[in-house]
>>> print(open('upload04.cif').read())   # mmCIF, C-alpha atoms
data_data
loop_
_atom_site.label_atom_id
_atom_site.label_comp_id
_atom_site.auth_asym_id
_atom_site.auth_seq_id
_atom_site.Cartn_x
_atom_site.Cartn_y
_atom_site.Cartn_z
CA MET A 1 89.83 84.70 121.01
CA ALA A 2 88.41 83.96 124.42
CA GLY A 3 89.26 80.61 125.95
CA PRO A 4 86.47 78.10 126.51
CA LEU A 5 86.47 78.63 130.26
CA GLU A 6 86.41 82.42 130.21
CA GLN A 7 82.63 82.45 129.93
CA PHE A 8 82.39 81.19 133.51
CA ALA A 9 84.43 84.02 135.02
CA ILE A 10 82.69 85.99 137.75
CA GLN A 11 82.99 89.70 137.20
CA ASN A 12 82.25 92.43 139.68
CA LEU A 13 79.89 94.85 138.01
CA THR A 14 79.85 97.36 140.86
CA PRO A 15 82.51 98.48 143.33
CA PRO A 16 82.41 96.38 146.52
CA LEU A 17 79.33 97.29 148.51
CA PHE A 18 80.25 95.79 151.88
CA SER A 19 82.38 92.99 153.22
CA ILE A 20 81.58 89.85 155.18
CA GLY A 21 84.44 88.04 156.90
CA GLY A 22 87.12 89.64 154.73
CA HIS A 23 85.29 88.97 151.46
CA SER A 24 84.12 92.08 149.70
CA ILE A 25 80.65 91.62 148.31
CA ALA A 26 79.76 93.27 145.03
CA VAL A 27 77.04 92.76 142.45
CA THR A 28 78.43 90.21 139.99
CA ASN A 29 77.25 88.98 136.62
CA SER A 30 76.16 85.79 138.40
CA ALA A 31 74.01 87.77 140.81
CA ILE A 32 72.50 89.76 137.95
CA PHE A 33 71.45 86.58 136.19
CA MET A 34 70.01 85.12 139.39
CA MET A 35 67.96 88.25 139.82
CA ALA A 36 66.90 87.99 136.18
CA ALA A 37 65.79 84.41 136.81
CA VAL A 38 63.76 85.44 139.86
CA VAL A 39 62.22 88.49 138.20
CA GLY A 40 61.57 86.61 134.95
CA SER A 41 59.90 83.63 136.59
CA ALA A 42 57.91 85.77 139.01
CA GLY A 43 56.81 88.02 136.15
CA LEU A 44 55.74 85.08 134.02
CA LEU A 45 53.76 83.44 136.81
CA LEU A 46 52.18 86.68 138.02
CA ALA A 47 51.16 87.55 134.47
CA GLY A 48 49.86 84.00 134.06
CA SER A 49 47.87 83.85 137.26
CA GLY A 50 46.57 87.42 137.25
CA LYS A 51 43.58 87.00 135.02
CA GLY A 52 42.40 83.52 135.93
CA ALA A 53 40.42 83.19 132.72
CA MET A 54 38.31 80.11 132.02
CA ILE A 55 39.97 79.70 128.65
CA PRO A 56 43.65 80.29 129.34
CA GLY A 57 45.68 82.56 127.14
CA ARG A 58 49.24 81.75 126.13
CA ILE A 59 50.93 82.94 129.31
CA GLN A 60 48.28 81.51 131.59
CA ALA A 61 48.51 78.14 129.83
CA MET A 62 52.27 78.20 130.38
CA ALA A 63 51.91 79.00 134.07
CA GLU A 64 49.27 76.28 134.47
CA LEU A 65 51.52 73.83 132.67
CA PHE A 66 54.36 74.53 135.11
CA TYR A 67 52.00 74.22 138.07
CA GLU A 68 50.48 70.94 136.93
CA PHE A 69 53.86 69.52 136.02
CA ILE A 70 55.28 70.04 139.50
CA ALA A 71 52.01 69.13 141.23
CA ASN A 72 51.94 65.82 139.36
CA MET A 73 55.60 65.21 140.10
CA ILE A 74 55.03 65.66 143.81
CA ARG A 75 51.87 63.54 143.79
CA ASP A 76 53.60 60.70 141.93
CA ASN A 77 56.84 60.73 143.90
CA VAL A 78 55.94 61.91 147.39
CA GLY A 79 52.19 61.44 147.66
CA SER A 80 49.71 63.66 149.46
CA ALA A 81 52.14 64.25 152.33
CA GLY A 82 54.33 66.28 149.98
CA LYS A 83 51.63 68.84 149.24
CA LYS A 84 52.89 71.36 151.77
CA TYR A 85 56.37 71.34 150.26
CA PHE A 86 54.99 72.34 146.86
CA PRO A 87 56.01 76.03 147.08
CA PHE A 88 59.62 75.17 147.83
CA ILE A 89 59.96 72.49 145.16
CA PHE A 90 58.21 74.67 142.61
CA SER A 91 60.57 77.59 143.34
CA LEU A 92 63.54 75.27 143.11
CA PHE A 93 62.43 73.96 139.73
CA ILE A 94 61.63 77.36 138.25
CA PHE A 95 64.86 78.90 139.52
CA THR A 96 67.00 76.09 138.12
CA LEU A 97 65.10 76.02 134.85
CA PHE A 98 65.42 79.76 134.33
CA GLY A 99 69.09 79.63 135.28
CA ASN A 100 69.76 76.92 132.71
CA ILE A 101 67.70 78.54 129.98
CA LEU A 102 69.07 82.06 130.56
CA GLY A 103 72.54 80.59 130.10
CA MET A 104 71.58 79.48 126.59
CA ILE A 105 71.06 83.09 125.50
CA PRO A 106 74.19 84.33 123.69
CA TYR A 107 76.38 86.48 125.94
CA GLY A 108 74.39 85.14 128.86
CA PHE A 109 75.88 83.75 132.01
CA THR A 110 74.92 80.34 133.41
CA PHE A 111 74.91 80.59 137.18
CA THR A 112 74.05 76.88 137.45
CA SER A 113 77.47 76.14 135.93
CA HIS A 114 79.06 77.08 139.24
CA ILE A 115 79.40 74.37 141.85
CA ALA A 116 79.08 77.04 144.56
CA VAL A 117 75.51 77.72 143.43
CA THR A 118 74.42 74.14 142.79
CA PHE A 119 76.09 72.79 145.92
CA PHE A 120 74.41 75.44 148.03
CA MET A 121 71.01 74.48 146.61
CA ALA A 122 71.73 70.78 147.09
CA ALA A 123 72.97 71.38 150.64
CA VAL A 124 69.82 73.31 151.55
CA VAL A 125 67.68 70.50 150.16
CA PHE A 126 69.76 67.85 151.91
CA LEU A 127 69.74 69.57 155.31
CA GLY A 128 66.07 70.47 154.97
CA VAL A 129 65.07 66.92 154.07
CA THR A 130 67.15 65.46 156.90
CA MET A 131 65.57 67.91 159.34
CA ILE A 132 62.07 67.07 158.12
CA GLY A 133 62.80 63.38 158.57
CA LEU A 134 64.21 63.91 162.06
CA PHE A 135 61.28 66.05 163.19
CA LYS A 136 58.73 63.67 161.75
CA HIS A 137 60.17 60.35 162.92
CA GLY A 138 62.54 61.32 165.71
CA LEU A 139 65.29 58.77 166.29
CA HIS A 140 63.37 56.25 164.23
CA PHE A 141 64.65 58.23 161.23
CA PHE A 142 67.99 56.42 161.57
CA SER A 143 66.35 53.16 160.53
CA LEU A 144 66.87 54.63 157.06
CA PHE A 145 70.49 53.54 157.40
CA PHE A 146 69.72 49.89 158.01
CA PRO A 147 67.82 47.97 155.34
CA HIS A 148 64.71 46.35 156.67
CA GLY A 149 65.06 42.60 157.21
CA ALA A 150 68.84 42.37 156.94
CA PRO A 151 70.57 40.09 159.47
CA ILE A 152 71.78 42.06 162.48
CA PHE A 153 75.44 40.94 162.24
CA THR A 154 75.75 42.73 158.88
CA ALA A 155 75.11 46.06 160.61
CA PRO A 156 78.80 47.06 161.06
CA ILE A 157 79.29 46.91 157.29
CA LEU A 158 75.89 48.05 156.09
CA ILE A 159 75.43 51.10 158.29
CA PRO A 160 78.67 52.88 157.24
CA ILE A 161 77.94 52.12 153.59
CA GLU A 162 74.39 53.43 153.87
CA LEU A 163 75.67 56.48 155.73
CA VAL A 164 78.23 57.30 153.03
CA SER A 165 75.59 56.63 150.39
CA TYR A 166 73.28 59.09 152.15
CA LEU A 167 76.02 61.72 152.52
CA SER A 168 76.94 61.42 148.84
CA ARG A 169 73.48 62.65 147.85
CA PRO A 170 74.18 66.40 147.93
CA ILE A 171 77.43 65.80 146.03
CA SER A 172 75.79 63.82 143.25
CA LEU A 173 72.87 66.23 143.13
CA SER A 174 75.08 69.31 142.75
CA VAL A 175 77.80 67.79 140.57
CA ARG A 176 75.25 66.45 138.09
CA LEU A 177 73.72 69.86 137.42
CA PHE A 178 77.02 71.73 137.48
CA ALA A 179 78.85 69.22 135.26
CA ASN A 180 76.09 69.08 132.68
CA MET A 181 75.87 72.84 132.32
CA THR A 182 79.63 73.41 132.32
CA VAL A 183 80.37 70.63 129.84
CA GLY A 184 77.66 71.81 127.47
CA HIS A 185 78.91 75.38 127.42
CA VAL A 186 82.56 74.38 127.04
CA LEU A 187 81.59 72.12 124.14
CA LEU A 188 79.71 74.93 122.44
CA LYS A 189 82.65 77.29 122.86
CA VAL A 190 85.23 74.80 121.56
CA LEU A 191 83.15 73.97 118.51
CA ALA A 192 82.57 77.67 117.87
CA GLY A 193 86.35 78.09 117.93
CA PHE A 194 86.66 75.49 115.15
CA VAL A 195 84.20 77.41 112.98
CA VAL A 196 86.54 80.39 112.85
CA ALA A 197 89.77 78.36 112.61
CA LEU A 198 88.71 76.13 109.71
CA GLY A 199 87.71 78.96 107.38
CA VAL A 200 85.46 77.66 104.57
CA PHE A 201 85.28 74.20 106.08
CA GLY A 202 83.91 75.80 109.23
CA VAL A 203 80.47 75.02 107.83
CA VAL A 204 80.78 71.48 109.22
CA PRO A 205 81.29 72.45 112.86
CA LEU A 206 78.70 75.18 112.39
CA ALA A 207 76.13 72.55 111.42
CA VAL A 208 77.16 70.44 114.39
CA LEU A 209 76.89 73.53 116.57
CA VAL A 210 73.26 74.01 115.60
CA ALA A 211 72.49 70.43 116.60
CA ILE A 212 74.45 70.75 119.85
CA THR A 213 72.58 73.95 120.72
CA ALA A 214 69.31 72.05 120.41
CA LEU A 215 70.75 69.26 122.55
CA GLU A 216 71.88 71.81 125.13
CA LEU A 217 68.37 73.23 125.36
CA LEU A 218 67.13 69.71 126.00
CA VAL A 219 69.82 69.16 128.63
CA ALA A 220 68.98 72.49 130.29
CA VAL A 221 65.34 71.51 130.77
CA LEU A 222 66.15 67.89 131.57
CA GLN A 223 68.66 68.77 134.29
CA ALA A 224 66.22 71.13 135.98
CA TYR A 225 63.69 68.29 135.88
CA ILE A 226 66.15 65.71 137.26
CA PHE A 227 67.30 68.05 140.02
CA THR A 228 63.70 68.58 141.10
CA ILE A 229 62.60 64.96 140.84
CA LEU A 230 65.57 63.81 142.92
CA CYS A 231 64.63 66.36 145.58
CA CYS A 232 61.14 64.82 145.53
CA ILE A 233 62.59 61.32 145.88
CA TYR A 234 64.78 62.36 148.82
CA LEU A 235 61.81 64.07 150.44
CA ASN A 236 59.80 60.89 149.97
CA ASP A 237 62.54 58.84 151.62
CA ALA A 238 62.57 61.18 154.62
CA LEU A 239 58.78 61.29 154.94
CA HIS A 240 58.03 57.62 154.48
CA LEU A 241 61.30 55.81 155.41
CA HIS A 242 61.45 53.11 152.68
CA MET B 1 31.57 84.03 117.71
CA ALA B 2 34.09 85.19 120.26
CA GLU B 3 31.21 85.92 122.63
CA ASP B 4 30.01 82.30 122.36
CA ASP B 5 33.46 80.98 123.15
CA ARG B 6 33.67 83.06 126.24
CA LYS B 7 30.34 81.74 127.46
CA ALA B 8 31.37 78.10 127.08
CA THR B 9 30.99 76.18 130.32
CA SER B 10 33.73 73.94 131.67
CA ASP B 11 31.68 70.80 130.87
CA ASP B 12 31.49 71.98 127.33
CA LEU B 13 35.22 72.53 127.23
CA ASP B 14 35.94 69.11 128.71
CA ARG B 15 33.78 67.43 126.11
CA ARG B 16 35.47 69.28 123.29
CA LEU B 17 38.92 68.53 124.66
CA ARG B 18 38.10 64.84 124.90
CA GLY B 19 36.78 64.84 121.36
CA VAL B 20 39.93 66.45 120.02
CA ARG B 21 42.13 64.08 122.01
CA GLN B 22 40.28 61.03 120.68
CA ALA B 23 40.50 62.32 117.14
CA TYR B 24 44.22 62.88 117.61
CA GLN B 25 44.74 59.39 118.98
CA ALA B 26 42.75 57.84 116.17
CA GLY B 27 44.76 59.81 113.66
CA THR B 28 48.22 59.00 114.93
CA GLY B 29 47.61 55.63 116.57
CA ARG B 30 49.49 56.87 119.60
CA SER B 31 48.44 57.99 123.04
CA SER B 32 48.22 61.72 123.60
CA ARG B 33 51.05 61.49 126.11
CA PRO B 34 54.21 61.60 123.99
CA ALA B 35 55.97 58.52 125.34
CA LYS B 36 58.42 58.22 122.50
CA SER B 37 59.72 61.73 121.95
CA GLY B 38 61.25 62.08 125.41
CA ALA B 39 62.79 58.60 125.46
CA GLY B 40 66.19 59.58 124.03
CA GLY B 41 66.60 62.47 126.42
CA GLU B 42 65.51 60.37 129.36
CA LYS B 43 68.08 57.68 128.53
CA LEU B 44 70.74 60.38 128.41
CA GLY B 45 69.60 61.56 131.83
CA VAL B 46 69.77 58.06 133.31
CA GLY B 47 73.26 57.49 131.89
CA MET B 48 74.43 60.77 133.34
CA ARG B 49 72.84 59.94 136.69
CA VAL B 50 74.69 56.64 136.91
CA ALA B 51 78.02 58.23 135.98
CA VAL B 52 77.72 61.01 138.55
CA GLU B 53 76.45 58.61 141.21
CA LEU B 54 79.53 56.43 140.69
CA VAL B 55 81.88 59.38 141.20
CA SER B 56 80.07 61.12 144.04
CA GLY B 57 79.93 58.07 146.27
CA VAL B 58 83.70 57.59 146.06
CA VAL B 59 84.31 61.32 146.57
CA ALA B 60 82.04 61.43 149.62
CA GLY B 61 83.66 58.37 151.19
CA ALA B 62 87.21 59.55 150.53
CA PHE B 63 86.43 63.06 151.78
CA ILE B 64 84.93 61.77 155.02
CA GLY B 65 87.95 59.49 155.48
CA LEU B 66 90.38 62.33 154.86
CA MET B 67 88.62 64.66 157.29
CA ALA B 68 88.44 61.98 159.96
CA ASP B 69 92.15 61.29 159.42
CA GLN B 70 93.01 64.94 159.95
CA TRP B 71 90.82 65.09 163.02
CA LEU B 72 92.11 61.90 164.66
CA GLY B 73 95.65 61.98 163.23
CA THR B 74 95.45 58.44 161.87
CA LYS B 75 96.76 59.09 158.37
CA PRO B 76 96.24 57.20 156.01
CA TRP B 77 94.07 54.43 157.43
CA LEU B 78 90.70 56.11 157.60
CA LEU B 79 91.18 57.45 154.09
CA ILE B 80 91.59 53.89 152.83
CA VAL B 81 88.57 52.70 154.80
CA GLY B 82 86.54 55.68 153.62
CA PHE B 83 87.56 55.08 150.02
CA ILE B 84 86.47 51.45 150.14
CA LEU B 85 83.20 52.36 151.86
CA GLY B 86 82.68 55.08 149.25
CA CYS B 87 83.14 52.56 146.44
CA CYS B 88 80.58 50.27 148.06
CA ALA B 89 78.19 53.18 148.53
CA ALA B 90 78.66 54.23 144.90
CA PHE B 91 77.81 50.75 143.65
CA LEU B 92 74.83 50.64 146.00
CA ASN B 93 73.61 53.95 144.57
CA VAL B 94 74.07 52.77 140.99
CA TYR B 95 72.22 49.57 141.82
CA ARG B 96 69.35 51.60 143.30
CA VAL B 97 69.16 53.84 140.21
CA ALA B 98 69.02 50.76 137.99
CA GLN B 99 66.39 49.16 140.21
CA ALA B 100 64.21 52.27 140.21
CA GLU B 101 64.64 52.60 136.45
CA GLU B 102 63.59 49.00 135.86
CA ARG B 103 60.58 49.36 138.13
CA ARG B 104 59.57 52.54 136.32
CA SER B 105 59.93 51.08 132.83
CA LYS B 106 58.00 47.97 133.88
CA GLY B 107 55.30 50.15 135.36
CA SER B 108 54.94 52.27 132.25
CA SER B 109 54.81 49.21 129.95
CA ASP B 110 52.10 47.74 132.15
CA LYS B 111 50.14 50.94 131.80
CA LEU B 112 50.49 50.89 128.03
CA SER B 113 49.36 47.30 127.52
#
>>> encode(input="upload04.cif", output="structure tokens")
Amino acid sequence: MAGPLEQFAIQNLTPPLFSIGGHSIAVTNSAIFMMAAVVGSAGLLLAGSGKGAMIPGRIQAMAELFYEFIANMIRDNVGSAGKKYFPFIFSLFIFTLFGNILGMIPYGFTFTSHIAVTFFMAAVVFLGVTMIGLFKHGLHFFSLFFPHGAPIFTAPILIPIELVSYLSRPISLSVRLFANMTVGHVLLKVLAGFVVALGVFGVVPLAVLVAITALELLVAVLQAYIFTILCCIYLNDALHLH
Amino acid sequence: MAEDDRKATSDDLDRRLRGVRQAYQAGTGRSSRPAKSGAGGEKLGVGMRVAVELVSGVVAGAFIGLMADQWLGTKPWLLIVGFILGCCAAFLNVYRVAQAEERRSKGSSDKLS
């Protein structure tokens, strides 16, 4: 029987196509699922926005729901200044959501369970947000690292702490998503192993497995939501500085 | 019948939607926004956020300390300093999460009452 961590193995599905810096690049199962997420989400939204009917059909209602959800999130957390970042945040949410949900399909692969993927996304958000803040406020941006109204002699302690706190953001952002997805899938696999090993009594872990699968679906959606809302909060910090 | 539906204006639709929503609220005694159903999941999310925040701050601080040590050749002092700063930053982050959470829950209860 396959070990609980085998489901996360990256497999080359094609012979190496080309190499960058000594690493041969091939199409992997992770890449296939990322493409599936992009094609699936783009297909859903194109199908939903194509007709533009007054009374939305099922797919259009779904697309509108996604749109309104993210639009409201940005309005509540960033304000009107965040409007122009809507396309990016929406793409981020849909990509993460589809990645998490596609991983719930049996025999699927969860690309968000790899820290390489989540840390890359978090790093792009972090660098982007820092850049936006720097361009918008110039050197005044660094006032983010000193709480307003604190006595000046506390600066040598407060500034390093705030700096480390700021630099820990991409780590917490990426680890949260990666850990949640990995833990959930390992748990499912371990419990599924018990079903086979216990024979007749395997009904008990099977029942638990059904409940955990529902919980995992919830976690999949919730983590995509949390990832996106934290990006909004960071963007708000950079745009408005406290 | 289907033809009539298609001709419905948006005002018409709005009125009907409002009617249905009111009927639903009267029937269940709850607001149309499901405040209760997501509560368990949201709590789970907050707990997870705090746990990860606690770890990531320490990791960030220790990593910066370690890198600075390697760069300046001052092993192990900057690692220790970075670790302590990371702990402080982690607690600061947890405190901020709790603060934001409290503000949010207070805000939503104000809205409900």
>>> interface_residues(input="upload04.cif", of="chain A", to="chain B", cutoff="8 Å", atoms="all atoms listed in the file", output="list in words")
Met54, Ile55, Pro160, Ile161, Glu162, Val164, Ser165, Leu167, Ser168, Arg169, Ile171, Ser172, Val175, Arg176, Leu218, Val219, Leu222, Gln223 and Ile226 of chain A
>>> resolve_selection(input="upload04.cif", expression="the PyMOL selection byres ((chain A and resi 71-78) around 12)", output="JSON, numbers by chain")
{"A": [64, 65, 66, 67, 68, 69, 70, 79, 80, 81, 82, 83, 84, 85, 86, 87, 88, 89, 90, 93, 225, 226, 228, 229, 230, 231, 232, 233, 234, 235, 236, 237, 238, 239, 240, 241, 242], "B": [100, 104]}
>>> atom_distance(input="upload04.cif", atom1="atom CA of A:Ala31", atom2="atom CA of A:Leu217")
22.0 Å
>>> residues_around(input="upload04.cif", residues="A:Ser49", least_positions_apart="6", cutoff="10 Å", atoms="all atoms listed in the file", output="number ranges by chain")
A: 43, 56, 59-64
>>> write_last_selection(input="upload04.cif", atoms="C-alpha atoms", output="CSV table (one decimal), in the coordinates of the input")
chain,number,residue,atom,x,y,z
A,43,GLY,CA,56.8,88.0,136.2
A,56,PRO,CA,43.6,80.3,129.3
A,59,ILE,CA,50.9,82.9,129.3
A,60,GLN,CA,48.3,81.5,131.6
A,61,ALA,CA,48.5,78.1,129.8
A,62,MET,CA,52.3,78.2,130.4
A,63,ALA,CA,51.9,79.0,134.1
A,64,GLU,CA,49.3,76.3,134.5
>>> resolve_selection(input="upload04.cif", expression="the PyMOL selection byres ((chain A and resi 178-182) around 8)", output="PyMOL selection string")
chain A and resi 100+110+112-115+118+174-177+183-186+219-220+223
>>> build_atoms(input="upload04.cif", residues="stretch 109-134 of chain A", atoms="N, CA and C atoms", output="compact mmCIF listing (two decimals), in the coordinates of the input")
# COMPACT_ATOMS: atom_id res chain seq x y z
N PHE A 109 75.03 84.38 131.02
CA PHE A 109 75.88 83.75 132.01
C PHE A 109 75.06 82.65 132.68
N THR A 110 75.65 81.45 132.81
CA THR A 110 74.92 80.34 133.41
C THR A 110 75.33 80.20 134.86
N PHE A 111 74.48 80.68 135.77
CA PHE A 111 74.91 80.59 137.18
C PHE A 111 74.85 79.16 137.69
N THR A 112 74.08 78.28 137.01
CA THR A 112 74.05 76.88 137.45
C THR A 112 75.31 76.13 137.03
N SER A 113 76.22 76.80 136.30
CA SER A 113 77.47 76.14 135.93
C SER A 113 78.54 76.38 136.99
N HIS A 114 78.12 76.89 138.14
CA HIS A 114 79.06 77.08 139.24
C HIS A 114 78.69 76.15 140.37
N ILE A 115 79.68 75.37 140.79
CA ILE A 115 79.40 74.37 141.85
C ILE A 115 78.99 75.08 143.14
N ALA A 116 79.46 76.31 143.34
CA ALA A 116 79.08 77.04 144.56
C ALA A 116 77.56 77.21 144.62
N VAL A 117 76.96 77.50 143.47
CA VAL A 117 75.51 77.72 143.43
C VAL A 117 74.77 76.40 143.58
N THR A 118 75.17 75.40 142.77
CA THR A 118 74.42 74.14 142.79
C THR A 118 74.63 73.42 144.11
N PHE A 119 75.87 73.50 144.66
CA PHE A 119 76.09 72.79 145.92
C PHE A 119 75.32 73.45 147.06
N PHE A 120 75.20 74.76 147.00
CA PHE A 120 74.41 75.44 148.03
C PHE A 120 72.95 74.97 147.96
N MET A 121 72.40 74.93 146.74
CA MET A 121 71.01 74.48 146.61
C MET A 121 70.85 73.04 147.10
N ALA A 122 71.81 72.19 146.69
CA ALA A 122 71.73 70.78 147.09
C ALA A 122 71.87 70.64 148.60
N ALA A 123 72.77 71.47 149.20
CA ALA A 123 72.97 71.38 150.64
C ALA A 123 71.72 71.82 151.39
N VAL A 124 71.05 72.86 150.90
CA VAL A 124 69.82 73.31 151.55
C VAL A 124 68.77 72.20 151.49
N VAL A 125 68.65 71.58 150.31
CA VAL A 125 67.68 70.50 150.16
C VAL A 125 68.03 69.34 151.10
N PHE A 126 69.31 68.99 151.11
CA PHE A 126 69.76 67.85 151.91
C PHE A 126 69.51 68.09 153.40
N LEU A 127 69.93 69.27 153.89
CA LEU A 127 69.74 69.57 155.31
C LEU A 127 68.26 69.67 155.64
N GLY A 128 67.50 70.31 154.75
CA GLY A 128 66.07 70.47 154.97
C GLY A 128 65.38 69.12 155.06
N VAL A 129 65.70 68.23 154.10
CA VAL A 129 65.07 66.92 154.07
C VAL A 129 65.44 66.10 155.30
N THR A 130 66.71 66.19 155.71
CA THR A 130 67.15 65.46 156.90
C THR A 130 66.42 65.96 158.14
N MET A 131 66.27 67.30 158.21
CA MET A 131 65.57 67.91 159.34
C MET A 131 64.11 67.47 159.37
N ILE A 132 63.47 67.48 158.19
CA ILE A 132 62.07 67.07 158.12
C ILE A 132 61.92 65.63 158.62
N GLY A 133 62.84 64.77 158.15
CA GLY A 133 62.80 63.38 158.57
C GLY A 133 62.99 63.23 160.07
N LEU A 134 63.93 64.01 160.64
CA LEU A 134 64.21 63.91 162.06
C LEU A 134 63.02 64.40 162.88
